[in-house]
Amino acid sequence: MLVRTEKLPRISRQPTKVRVHTPVGVAEVLWHGDPREADGHHQVEWTVDEDMRWGHNTRPVPRTEPGLRHDGARVIMRGRLQLTEDGAAYLQLGDSPILFDLAAPIPAGADGTWVEVDVGADSVAVCPYRT
């Protein structure tokens with residue numbers, strides 16, 4: 001996904017954080033790249049270090065368009081849920097798939113539905129991708 005990032009002020013030894021502007025919304029997440037390159041336009045890959053838990057941090061939504069927003073210490077991502085054959089899932093957020101591990105099985109019939117996933121901002125990162 002092509003995004004614009006702004007480096008946020010760093011507090012002591014905390015990891016670098018950025019405000020990431022995407023075609024589907026804005027959120028503040030960790031930066032997994034060279035801190036000197038945190039400001040700018042980048043093709044990025046997303047990682048989330050929090051499992052998808054249906055009914056807890058993942059729920060179906062009626063809105064059928066991708067979205068991204070920041071709410072305090074949380075990041076809310078809306079996209080189409082896709083289940084994989086190996087027991088994982090990914091969220092199609094615009095033109096980017098974001099891979100998740102599952103904490104528990106997803107209900108039958110949920111594959112392909114629109115969902116929101118609400119995770120801690122410190123568990124979400126973008127990494128510059130070089131082609």
# chains A, B, ... in the order shown; residues from 1 in each chain; ligands from 1
>>> select_by_dssp(residues="segment 3-130 of chain A", states="helix (DSSP H, G or I)", output="list of chain:residue names")
A:Pro35, A:Arg36, A:Glu37, A:Ala121, A:Asp122, A:Ser123
>>> select_by_dssp(residues="segment 19-131 of chain A", states="strand (DSSP E or B)", output="PyMOL selection string")
chain A and resi 19-22+25-31+40-48+52+54+58-60+67-71+74-83+89-93+96-100+102+114-120+124-128
>>> residues_around(residues="Ile98 of chain A", least_positions_apart="2", cutoff="10 Å", atoms="only C-alpha atoms", output="list in words")
Glu45, Trp46, Thr47, Val48, Met77, Gly79, Leu81, Gln82, Ala89, Tyr90, Leu91, Gln92, Leu93, Asp95, Ser96 and Phe100 of chain A
>>> write_last_selection(atoms="C-alpha atoms", output="PDB file, in the first residue's frame")
ATOM      1  CA  GLU A  45       3.635  -3.900   4.437  1.00  0.00           C
ATOM      2  CA  TRP A  46       1.507  -4.072   7.576  1.00  0.00           C
ATOM      3  CA  THR A  47       2.064  -6.353  10.550  1.00  0.00           C
ATOM      4  CA  VAL A  48      -0.203  -6.875  13.546  1.00  0.00           C
ATOM      5  CA  MET A  77      -9.250  -1.438  10.680  1.00  0.00           C
ATOM      6  CA  GLY A  79     -12.019  -4.589   5.594  1.00  0.00           C
ATOM      7  CA  LEU A  81     -12.168 -10.953   6.118  1.00  0.00           C
ATOM      8  CA  GLN A  82     -10.519 -13.801   4.206  1.00  0.00           C
ATOM      9  CA  ALA A  89      -6.877 -15.034   8.272  1.00  0.00           C
ATOM     10  CA  TYR A  90      -6.207 -11.800   6.536  1.00  0.00           C
ATOM     11  CA  LEU A  91      -8.025  -8.530   6.374  1.00  0.00           C
ATOM     12  CA  GLN A  92      -8.187  -6.957   2.940  1.00  0.00           C
ATOM     13  CA  LEU A  93      -7.646  -3.285   3.793  1.00  0.00           C
ATOM     14  CA  ASP A  95      -5.241  -2.924  -1.733  1.00  0.00           C
ATOM     15  CA  SER A  96      -3.276  -4.441   1.188  1.00  0.00           C
ATOM     16  CA  PHE A 100      -3.616 -12.280  11.373  1.00  0.00           C
TER      17      PHE A 100
END
>>> residues_around(residues="Val115 of chain A", least_positions_apart="6", cutoff="10 Å", atoms="only C-alpha atoms", output="compact mmCIF listing (two decimals) with N, CA and C atoms, in the first residue's frame")
# COMPACT_ATOMS: atom_id res chain seq x y z
N TRP A 54 -12.70 -13.32 17.36
CA TRP A 54 -14.08 -13.05 16.96
C TRP A 54 -14.92 -12.75 18.21
N ASN A 57 -12.18 -8.62 19.62
CA ASN A 57 -11.57 -7.50 18.89
C ASN A 57 -11.96 -7.51 17.40
N THR A 58 -12.81 -8.44 17.02
CA THR A 58 -13.25 -8.56 15.62
C THR A 58 -14.75 -8.78 15.60
N ARG A 59 -15.43 -7.97 14.78
CA ARG A 59 -16.88 -8.12 14.68
C ARG A 59 -17.35 -7.73 13.27
N PRO A 60 -18.45 -8.33 12.81
CA PRO A 60 -18.98 -7.97 11.49
C PRO A 60 -19.57 -6.56 11.53
N VAL A 61 -19.51 -5.89 10.39
CA VAL A 61 -20.06 -4.53 10.29
C VAL A 61 -20.89 -4.42 9.01
N PRO A 62 -21.88 -3.55 9.03
CA PRO A 62 -22.71 -3.39 7.83
C PRO A 62 -22.05 -2.53 6.75
N ARG A 63 -21.08 -1.72 7.13
CA ARG A 63 -20.44 -0.82 6.17
C ARG A 63 -19.49 -1.61 5.27
N THR A 64 -19.65 -1.49 3.98
CA THR A 64 -18.88 -2.30 3.03
C THR A 64 -17.86 -1.47 2.28
N GLU A 65 -17.02 -0.81 3.04
CA GLU A 65 -15.89 -0.09 2.46
C GLU A 65 -14.74 -0.13 3.45
N PRO A 66 -13.50 -0.20 2.94
CA PRO A 66 -12.36 -0.27 3.86
C PRO A 66 -12.21 1.03 4.64
N MET A 77 -9.38 -1.16 12.11
CA MET A 77 -9.25 -1.44 10.68
C MET A 77 -10.54 -2.11 10.21
N ARG A 78 -11.08 -1.63 9.09
CA ARG A 78 -12.28 -2.23 8.52
C ARG A 78 -11.94 -2.75 7.12
N GLY A 79 -12.29 -3.99 6.89
CA GLY A 79 -12.02 -4.59 5.59
C GLY A 79 -12.75 -5.90 5.45
N ARG A 80 -12.46 -6.58 4.35
CA ARG A 80 -13.10 -7.87 4.08
C ARG A 80 -12.23 -8.98 4.66
N LEU A 81 -12.85 -9.83 5.48
CA LEU A 81 -12.17 -10.95 6.12
C LEU A 81 -12.01 -12.09 5.13
N LEU A 91 -7.08 -9.60 6.56
CA LEU A 91 -8.02 -8.53 6.37
C LEU A 91 -7.60 -7.79 5.12
N GLN A 92 -8.48 -7.71 4.15
CA GLN A 92 -8.19 -6.96 2.94
C GLN A 92 -8.53 -5.50 3.21
>>> atom_distance(atom1="atom CA of Ser123 of chain A", atom2="atom CA of Ala108 of chain A")
27.1 Å
>>> atom_distance(atom1="atom CA of Lys7 of chain A", atom2="atom CA of Val20 of chain A")
8.9 Å
>>> residues_around(residues="Ala88 of chain A", least_positions_apart="3", cutoff="9 Å", atoms="only C-alpha atoms", output="list in words")
Gln82, Leu83, Thr84, Glu85, Leu99, Phe100, Asp101 and Leu102 of chain A
>>> closest_residue(among="A:Met1, A:Ala104, A:Ala110, A:Val119", to="Arg69 of chain A", atoms="only C-alpha atoms")
A:Val119
>>> residues_around(residues="Val3 of chain A", least_positions_apart="6", cutoff="6 Å", atoms="only C-alpha atoms", output="number ranges by chain")
A: 21-22, 41-42
>>> write_last_selection(atoms="N, CA and C atoms", output="CSV table (one decimal), in the first residue's frame")
chain,number,residue,atom,x,y,z
A,21,HIS,N,-0.8,8.0,6.7
A,21,HIS,CA,-2.0,8.4,5.9
A,21,HIS,C,-2.1,7.5,4.7
A,22,THR,N,-3.3,6.8,4.7
A,22,THR,CA,-3.6,5.9,3.6
A,22,THR,C,-4.8,6.3,2.8
A,41,HIS,N,6.9,9.3,1.6
A,41,HIS,CA,6.0,8.4,0.9
A,41,HIS,C,6.6,7.0,0.7
A,42,HIS,N,5.9,6.0,1.1
A,42,HIS,CA,6.5,4.7,1.1
A,42,HIS,C,5.4,3.6,0.6
>>> residues_around(residues="Val18 of chain A", least_positions_apart="4", cutoff="8 Å", atoms="only C-alpha atoms", output="list in words")
Thr5, Glu6, Lys7, Leu8, Glu28, Val29, Leu30, Trp31, Ala38 and Asp39 of chain A
>>> write_last_selection(atoms="N, CA and C atoms", output="mmCIF file, in the first residue's frame")
data_model
loop_
_atom_site.group_PDB
_atom_site.id
_atom_site.type_symbol
_atom_site.label_atom_id
_atom_site.label_comp_id
_atom_site.auth_asym_id
_atom_site.auth_seq_id
_atom_site.Cartn_x
_atom_site.Cartn_y
_atom_site.Cartn_z
ATOM 1 N N THR A 5 3.885 8.945 5.444
ATOM 2 C CA THR A 5 4.126 8.818 6.878
ATOM 3 C C THR A 5 4.733 10.097 7.434
ATOM 4 N N GLU A 6 4.377 10.385 8.675
ATOM 5 C CA GLU A 6 4.958 11.499 9.427
ATOM 6 C C GLU A 6 5.536 10.931 10.712
ATOM 7 N N LYS A 7 6.777 11.188 10.960
ATOM 8 C CA LYS A 7 7.411 10.715 12.195
ATOM 9 C C LYS A 7 6.834 11.493 13.372
ATOM 10 N N LEU A 8 6.436 10.763 14.410
ATOM 11 C CA LEU A 8 5.913 11.382 15.626
ATOM 12 C C LEU A 8 7.052 11.618 16.607
ATOM 13 N N GLU A 28 -1.958 6.035 13.913
ATOM 14 C CA GLU A 28 -0.602 6.127 14.463
ATOM 15 C C GLU A 28 -0.151 4.729 14.833
ATOM 16 N N VAL A 29 0.983 4.314 14.232
ATOM 17 C CA VAL A 29 1.476 2.944 14.389
ATOM 18 C C VAL A 29 2.998 2.958 14.538
ATOM 19 N N LEU A 30 3.565 1.800 14.799
ATOM 20 C CA LEU A 30 5.017 1.673 14.895
ATOM 21 C C LEU A 30 5.637 1.692 13.504
ATOM 22 N N TRP A 31 6.867 2.167 13.433
ATOM 23 C CA TRP A 31 7.632 2.218 12.182
ATOM 24 C C TRP A 31 8.732 1.184 12.266
ATOM 25 N N ALA A 38 11.486 7.839 8.201
ATOM 26 C CA ALA A 38 10.108 7.730 8.684
ATOM 27 C C ALA A 38 9.177 8.779 8.087
ATOM 28 N N ASP A 39 9.699 9.908 7.651
ATOM 29 C CA ASP A 39 8.881 10.925 6.986
ATOM 30 C C ASP A 39 8.943 10.702 5.485
#
>>> closest_residue(among="A:Asp51, A:Pro128, A:Pro35, A:Arg74", to="Pro9 of chain A", atoms="only C-alpha atoms")
A:Pro35
>>> closest_residue(among="A:Ile76, A:Ala103, A:Leu68, A:Met52", to="Val24 of chain A", atoms="only C-alpha atoms")
A:Leu68
>>> atom_distance(atom1="atom CA of Val44 of chain A", atom2="atom CA of Cys127 of chain A")
5.3 Å
>>> decode(residues="segment 1-17 of chain A", atoms="all heavy atoms", output="CSV table (one decimal), in the first residue's frame")
chain,number,residue,atom,x,y,z
A,1,MET,N,0.9,-1.2,0.0
A,1,MET,CA,0.0,0.0,0.0
A,1,MET,C,0.9,1.2,0.0
A,1,MET,O,1.8,1.3,0.8
A,1,MET,CB,-0.9,0.0,1.2
A,1,MET,CG,-1.7,1.2,1.4
A,1,MET,SD,-2.8,1.2,2.9
A,1,MET,CE,-4.1,0.2,2.3
A,2,LEU,N,0.6,2.2,-0.9
A,2,LEU,CA,1.4,3.4,-0.9
A,2,LEU,C,0.8,4.3,0.1
A,2,LEU,O,-0.4,4.6,0.1
A,2,LEU,CB,1.3,4.0,-2.3
A,2,LEU,CG,2.1,5.3,-2.5
A,2,LEU,CD1,3.6,5.1,-2.2
A,2,LEU,CD2,1.9,5.9,-3.9
A,3,VAL,N,1.6,4.8,1.0
A,3,VAL,CA,1.2,5.7,2.1
A,3,VAL,C,2.1,6.9,2.3
A,3,VAL,O,3.2,6.9,1.7
A,3,VAL,CB,1.1,4.9,3.5
A,3,VAL,CG1,0.2,3.7,3.4
A,3,VAL,CG2,2.5,4.5,3.9
A,4,ARG,N,1.6,7.9,3.0
A,4,ARG,CA,2.5,9.0,3.5
A,4,ARG,C,2.7,8.8,5.0
A,4,ARG,O,1.7,8.6,5.7
A,4,ARG,CB,1.9,10.3,3.1
A,4,ARG,CG,2.8,11.5,3.5
A,4,ARG,CD,2.2,12.8,3.1
A,4,ARG,NE,0.9,13.1,3.6
A,4,ARG,CZ,0.7,13.7,4.7
A,4,ARG,NH1,1.7,14.1,5.5
A,4,ARG,NH2,-0.6,14.0,5.1
A,5,THR,N,3.9,8.9,5.4
A,5,THR,CA,4.1,8.8,6.9
A,5,THR,C,4.7,10.1,7.4
A,5,THR,O,5.5,10.8,6.8
A,5,THR,CB,5.1,7.6,7.2
A,5,THR,OG1,6.3,7.8,6.4
A,5,THR,CG2,4.4,6.3,6.8
A,6,GLU,N,4.4,10.4,8.7
A,6,GLU,CA,5.0,11.5,9.4
A,6,GLU,C,5.5,10.9,10.7
A,6,GLU,O,4.8,10.3,11.5
A,6,GLU,CB,3.9,12.5,9.9
A,6,GLU,CG,3.0,13.1,8.9
A,6,GLU,CD,1.9,13.9,9.5
A,6,GLU,OE1,2.2,14.8,10.4
A,6,GLU,OE2,0.8,13.6,9.3
A,7,LYS,N,6.8,11.2,11.0
A,7,LYS,CA,7.4,10.7,12.2
A,7,LYS,C,6.8,11.5,13.4
A,7,LYS,O,6.7,12.7,13.3
A,7,LYS,CB,8.9,10.9,12.1
A,7,LYS,CG,9.7,10.3,13.3
A,7,LYS,CD,11.2,10.5,13.0
A,7,LYS,CE,12.0,9.9,14.1
A,7,LYS,NZ,13.4,10.0,13.9
A,8,LEU,N,6.4,10.8,14.4
A,8,LEU,CA,5.9,11.4,15.6
A,8,LEU,C,7.1,11.6,16.6
A,8,LEU,O,8.1,10.9,16.6
A,8,LEU,CB,4.8,10.5,16.2
A,8,LEU,CG,3.6,10.3,15.4
A,8,LEU,CD1,2.7,9.3,16.0
A,8,LEU,CD2,2.9,11.6,15.1
A,9,PRO,N,6.9,12.6,17.5
A,9,PRO,CA,7.9,12.8,18.5
A,9,PRO,C,8.2,11.6,19.3
A,9,PRO,O,7.3,10.8,19.7
A,9,PRO,CB,7.4,13.9,19.4
A,9,PRO,CG,6.3,14.6,18.6
A,9,PRO,CD,5.8,13.5,17.7
A,10,ARG,N,9.5,11.3,19.5
A,10,ARG,CA,9.9,10.1,20.2
A,10,ARG,C,10.2,10.4,21.7
A,10,ARG,O,10.8,11.4,22.0
A,10,ARG,CB,11.2,9.6,19.5
A,10,ARG,CG,11.6,8.2,19.9
A,10,ARG,CD,12.7,7.7,19.1
A,10,ARG,NE,13.0,6.3,19.5
A,10,ARG,CZ,14.0,5.7,19.0
A,10,ARG,NH1,14.7,6.2,18.0
A,10,ARG,NH2,14.3,4.5,19.4
A,11,ILE,N,9.7,9.5,22.5
A,11,ILE,CA,9.9,9.7,24.0
A,11,ILE,C,10.9,8.6,24.4
A,11,ILE,O,10.7,7.4,24.3
A,11,ILE,CB,8.6,9.4,24.7
A,11,ILE,CG1,7.5,10.4,24.2
A,11,ILE,CG2,8.8,9.5,26.2
A,11,ILE,CD1,6.1,10.1,24.7
A,12,SER,N,12.1,9.1,24.8
A,12,SER,CA,13.2,8.4,25.3
A,12,SER,C,13.5,7.2,24.4
A,12,SER,O,13.8,7.3,23.2
A,12,SER,CB,13.1,7.9,26.8
A,12,SER,OG,12.0,7.0,26.9
A,13,ARG,N,13.5,6.0,24.9
A,13,ARG,CA,13.9,4.8,24.2
A,13,ARG,C,12.7,4.0,23.5
A,13,ARG,O,12.9,2.9,23.1
A,13,ARG,CB,14.6,3.8,25.1
A,13,ARG,CG,15.9,4.4,25.7
A,13,ARG,CD,16.5,3.4,26.6
A,13,ARG,NE,17.6,4.0,27.3
A,13,ARG,CZ,18.9,3.7,27.1
A,13,ARG,NH1,19.2,2.8,26.3
A,13,ARG,NH2,19.8,4.3,27.8
A,14,GLN,N,11.6,4.7,23.4
A,14,GLN,CA,10.4,4.0,22.8
A,14,GLN,C,10.7,3.9,21.3
A,14,GLN,O,11.4,4.6,20.7
A,14,GLN,CB,9.2,4.9,23.0
A,14,GLN,CG,8.7,4.8,24.4
A,14,GLN,CD,7.3,5.6,24.5
A,14,GLN,OE1,6.9,6.3,23.6
A,14,GLN,NE2,6.6,5.3,25.6
A,15,PRO,N,10.1,2.9,20.7
A,15,PRO,CA,10.2,2.7,19.2
A,15,PRO,C,9.7,3.9,18.4
A,15,PRO,O,8.9,4.6,18.9
A,15,PRO,CB,9.4,1.4,18.9
A,15,PRO,CG,9.0,0.8,20.2
A,15,PRO,CD,9.2,1.9,21.3
A,16,THR,N,10.2,4.0,17.2
A,16,THR,CA,9.7,5.1,16.4
A,16,THR,C,8.3,4.8,16.0
A,16,THR,O,7.9,3.7,15.6
A,16,THR,CB,10.6,5.1,15.1
A,16,THR,OG1,11.9,5.4,15.5
A,16,THR,CG2,10.1,6.2,14.2
A,17,LYS,N,7.5,5.9,16.1
A,17,LYS,CA,6.1,5.8,15.7
A,17,LYS,C,5.8,6.8,14.6
A,17,LYS,O,6.5,7.9,14.5
A,17,LYS,CB,5.1,6.2,16.9
A,17,LYS,CG,5.1,5.1,17.9
A,17,LYS,CD,4.1,5.4,19.0
A,17,LYS,CE,4.1,4.3,20.0
A,17,LYS,NZ,3.0,4.5,21.0
